[in-house]
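Q: Could you have a look at this structure, given as structure tokens, before my questions?
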Amino acid sequence: MYLKTKLIWFLKFKNVLFLLAGLFFTIMSVWDIVSLAVYYWGDWDTVINARSTPESVFWFFVGCAMLICMRLSSISIKKAHFYSSYFETALYSCISYDELSEVTGYSSGKVKFDLHILRILYMKRFSFVNDDSNGGHIELYSKTVQCSCKNCGAIIDKKIYFAGICPYCKTSDVFATVITDNSVYSISNDVSKDKNKQMYYLQKGFLFKLIMRIILVALECTAVFIMLCVTIDYIGKYNDHDYLLGLVLSGEGYGSIELNQKQIMNFILFDIFGGIMFGLIAAVGLRKSILMSKSSNFAYTFSHSKTPFLNFSSLQTKKPALFLRKTIQAGYIRNCTIENHDGKMKIALAKKIVKDSCPSCGAPVTGAVSENYVCKFCKNNILKVIEKNDAAIS
């Protein structure tokens, strides 16, 4: 709802093209310059003034610029996923920068800067409100529909995506009767069996992507191994006088041993550069595979949770908050958010705590409440698992 989905898919495709082109331009430029240096070792004036040198330097910087742009865009897309997932489960349309700061681990200034940047290309349906007393906040988009309060019958204007309070009887408006033709988010305690399945918390097509990621890492590691073997073979041939002499006499190589050695050194350097690049790509792929594996473990824990809120200690991993943020940013984990409740960071499983009236004494409950809401009259805790449903209330 808060992501520019089509544009993000286009930007992801662009990032793949930039990655491939950037790697190609960078590797080929470096290889050309190194080849010149090998052939004309010691004659640096010839290397610098060679016709291909300015072109190689130019395309090297073009390739680096592409890789930097790809990386920045990828980071922005991950941040957009994280903020959007938090906005999706918000019950109120106003979100302060301080609240987002606690959830993301960034400063309020950085949160504000990130959202201004993300608003340009990656996100939508929210605006910035300047409030000198509180430092400003985010206002999430919502239409207003006319409703009838369930408790007192007053006609009220209600935001369709968010909970509020009836201005007359001060009870929650989440169960208000819709008297217009528009849909409104309702509050329901009917938790579907699908919510107890591991895949409910994982990205669509997660298993396929995990398998493909593992296959790609295996292929990249194989390429590194092959290049390493070829490099070792060339290193042996570089000092093999009989082999070099055979190339000269057979006419398959250059007319001198020295030129053949330079050619072999050229191949060695190319294989080393290729091995390094494939190694780096494999390392990135392996890191993503590990993150996806952690995502699967997180989803398993979430699917077996008996409560709508979890402590980070329930995630059996080091630095659980950091890795959960990364999995949400990468889009591997969905339908959960990191929230602050009573000064403690907890994991909300796309569920909230809301009651229209206290089940013990029947007293009205004001607004959408938190995990530890206590009735103001009978002092009993009110716990009820609920979630947003995009359906009209009748």
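Chain labels run A, B, ... following the order of the structure tokens; each chain numbers its residues from 1, and ligands are numbered from 1 in the order shown.
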Excluding Thr53 of chain A and its own-chain neighbours fewer than 6 positions away, which residues fall within 8 Å of it when counting only C-alpha atoms? Please give them as a list in words.
A: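 Surrounding residues, per the criterion: Asp32, Ile33 and Val47 of chain A.
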Q: Next, the residues of the selection above should be written as a PDB file, in the first residue's frame with N, CA and C atoms.
A:
```pdb
ATOM      1  N   ASP A  32      42.614  -4.310 -19.082  1.00  0.00           N
ATOM      2  CA  ASP A  32      43.316  -3.635 -20.177  1.00  0.00           C
ATOM      3  C   ASP A  32      44.527  -2.860 -19.658  1.00  0.00           C
ATOM      4  N   ILE A  33      44.344  -2.134 -18.559  1.00  0.00           N
ATOM      5  CA  ILE A  33      45.447  -1.349 -18.005  1.00  0.00           C
ATOM      6  C   ILE A  33      46.556  -2.261 -17.488  1.00  0.00           C
ATOM      7  N   VAL A  47      52.773   3.174 -21.470  1.00  0.00           N
ATOM      8  CA  VAL A  47      51.520   2.728 -20.844  1.00  0.00           C
ATOM      9  C   VAL A  47      50.552   3.891 -20.676  1.00  0.00           C
TER      10      VAL A  47
END
```
Q: Using only C-alpha atoms, which protein or nucleic acid residues come within 12 Å of Leu291 of chain A? Drop anything in the same chain fewer than 5 positions from it, and give the result as an NGL selection string.
A: :A and (210 or 213 or 284-286 or 296-298 or 317 or 320 or 322-333)
Q: Could the residues of segment 317-371 of chain A that have an atom at most 12 Å from segment 134-151 of chain A be listed as a Markdown table, each with its closest atom pair and the distance in Å to one decimal, counting only C-alpha atoms and ordered by chain and ascending residue number?
A:
```
| residue | atom | partner | partner_atom | distance |
| --- | --- | --- | --- | --- |
| A:Asp356 | CA | A:Asn151 | CA | 8.9 |
| A:Ser357 | CA | A:Asn151 | CA | 9.5 |
| A:Gly362 | CA | A:Asn151 | CA | 11.5 |
| A:Ala363 | CA | A:Asn151 | CA | 11.0 |
| A:Pro364 | CA | A:Asn151 | CA | 8.6 |
| A:Val365 | CA | A:Asn151 | CA | 10.9 |
| A:Thr366 | CA | A:Asn151 | CA | 11.5 |
```
Q: Which residue gives the smallest distance to Ile120 of chain A among A:Leu23, A:Ile8, A:Val34, A:Ile68, with only C-alpha atoms counted?
A: A:Ile8
Q: Ranking A:Ala90, A:Val217, A:Val111, A:Ala223 by minimum distance to Ala283 of chain A and counting only C-alpha atoms, which one comes first?
A: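 Among the listed residues, A:Val217 lies closest to Ala283 of chain A.
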Q: Report the residues of segment 20-256 of chain A whose backbone DSSP state falls under alpha helix (DSSP H), written as a ChimeraX atom specification.
A: /A:20-39,44-49,52-88,97-104,108-121,206-238,241-250
Q: Would you give me, as CSV, each residue of segment 250-274 of chain A having an atom within 12 Å of an atom of segment 232-239 of chain A, along with its shortest atom pair and that distance in Å to one decimal, using only C-alpha atoms and sorting by chain and residue number?
A:
```
residue,atom,partner,partner_atom,distance
A:Ile257,CA,A:Tyr238,CA,9.7
A:Glu258,CA,A:Tyr238,CA,9.9
A:Leu259,CA,A:Tyr238,CA,11.0
A:Asn260,CA,A:Tyr238,CA,8.4
A:Gln261,CA,A:Tyr238,CA,5.7
A:Lys262,CA,A:Tyr238,CA,8.7
A:Gln263,CA,A:Tyr238,CA,9.3
A:Ile264,CA,A:Tyr238,CA,6.3
A:Met265,CA,A:Tyr238,CA,7.3
A:Asn266,CA,A:Tyr234,CA,9.9
A:Phe267,CA,A:Tyr234,CA,7.6
A:Ile268,CA,A:Tyr234,CA,6.3
A:Leu269,CA,A:Tyr234,CA,10.1
A:Phe270,CA,A:Tyr234,CA,11.2
A:Asp271,CA,A:Tyr234,CA,9.7
A:Ile272,CA,A:Ile232,CA,10.2
```
Q: Write the selection just made, keeping N, CA and C atoms, as a PDB file, in the first residue's frame?
A:
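As written to disk, out_18.pdb reads:
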```pdb
ATOM      1  N   ILE A 257      60.400 -16.408 -25.952  1.00  0.00           N
ATOM      2  CA  ILE A 257      59.982 -16.902 -24.649  1.00  0.00           C
ATOM      3  C   ILE A 257      59.455 -15.772 -23.782  1.00  0.00           C
ATOM      4  N   GLU A 258      60.075 -14.605 -23.875  1.00  0.00           N
ATOM      5  CA  GLU A 258      59.669 -13.457 -23.049  1.00  0.00           C
ATOM      6  C   GLU A 258      58.246 -13.024 -23.362  1.00  0.00           C
ATOM      7  N   LEU A 259      57.896 -12.972 -24.662  1.00  0.00           N
ATOM      8  CA  LEU A 259      56.541 -12.568 -25.048  1.00  0.00           C
ATOM      9  C   LEU A 259      55.508 -13.608 -24.602  1.00  0.00           C
ATOM     10  N   ASN A 260      55.866 -14.886 -24.676  1.00  0.00           N
ATOM     11  CA  ASN A 260      54.955 -15.929 -24.219  1.00  0.00           C
ATOM     12  C   ASN A 260      54.739 -15.853 -22.709  1.00  0.00           C
ATOM     13  N   GLN A 261      55.790 -15.506 -21.971  1.00  0.00           N
ATOM     14  CA  GLN A 261      55.644 -15.326 -20.528  1.00  0.00           C
ATOM     15  C   GLN A 261      54.703 -14.165 -20.216  1.00  0.00           C
ATOM     16  N   LYS A 262      54.817 -13.091 -20.981  1.00  0.00           N
ATOM     17  CA  LYS A 262      53.918 -11.947 -20.764  1.00  0.00           C
ATOM     18  C   LYS A 262      52.474 -12.315 -21.072  1.00  0.00           C
ATOM     19  N   GLN A 263      52.288 -13.137 -22.123  1.00  0.00           N
ATOM     20  CA  GLN A 263      50.936 -13.582 -22.459  1.00  0.00           C
ATOM     21  C   GLN A 263      50.361 -14.447 -21.334  1.00  0.00           C
ATOM     22  N   ILE A 264      51.180 -15.366 -20.804  1.00  0.00           N
ATOM     23  CA  ILE A 264      50.735 -16.219 -19.706  1.00  0.00           C
ATOM     24  C   ILE A 264      50.429 -15.389 -18.472  1.00  0.00           C
ATOM     25  N   MET A 265      51.272 -14.393 -18.165  1.00  0.00           N
ATOM     26  CA  MET A 265      51.008 -13.507 -17.031  1.00  0.00           C
ATOM     27  C   MET A 265      49.693 -12.761 -17.206  1.00  0.00           C
ATOM     28  N   ASN A 266      49.407 -12.403 -18.459  1.00  0.00           N
ATOM     29  CA  ASN A 266      48.135 -11.736 -18.753  1.00  0.00           C
ATOM     30  C   ASN A 266      46.964 -12.639 -18.393  1.00  0.00           C
ATOM     31  N   PHE A 267      47.056 -13.930 -18.772  1.00  0.00           N
ATOM     32  CA  PHE A 267      46.011 -14.890 -18.442  1.00  0.00           C
ATOM     33  C   PHE A 267      45.894 -15.088 -16.928  1.00  0.00           C
ATOM     34  N   ILE A 268      47.032 -15.130 -16.257  1.00  0.00           N
ATOM     35  CA  ILE A 268      47.035 -15.308 -14.802  1.00  0.00           C
ATOM     36  C   ILE A 268      46.305 -14.163 -14.122  1.00  0.00           C
ATOM     37  N   LEU A 269      46.622 -12.939 -14.525  1.00  0.00           N
ATOM     38  CA  LEU A 269      45.984 -11.765 -13.922  1.00  0.00           C
ATOM     39  C   LEU A 269      44.488 -11.740 -14.208  1.00  0.00           C
ATOM     40  N   PHE A 270      44.112 -12.120 -15.453  1.00  0.00           N
ATOM     41  CA  PHE A 270      42.685 -12.145 -15.801  1.00  0.00           C
ATOM     42  C   PHE A 270      41.946 -13.154 -14.928  1.00  0.00           C
ATOM     43  N   ASP A 271      42.532 -14.344 -14.741  1.00  0.00           N
ATOM     44  CA  ASP A 271      41.887 -15.367 -13.912  1.00  0.00           C
ATOM     45  C   ASP A 271      41.805 -14.918 -12.457  1.00  0.00           C
ATOM     46  N   ILE A 272      42.838 -14.226 -11.988  1.00  0.00           N
ATOM     47  CA  ILE A 272      42.819 -13.742 -10.607  1.00  0.00           C
ATOM     48  C   ILE A 272      41.702 -12.722 -10.417  1.00  0.00           C
TER      49      ILE A 272
END
```
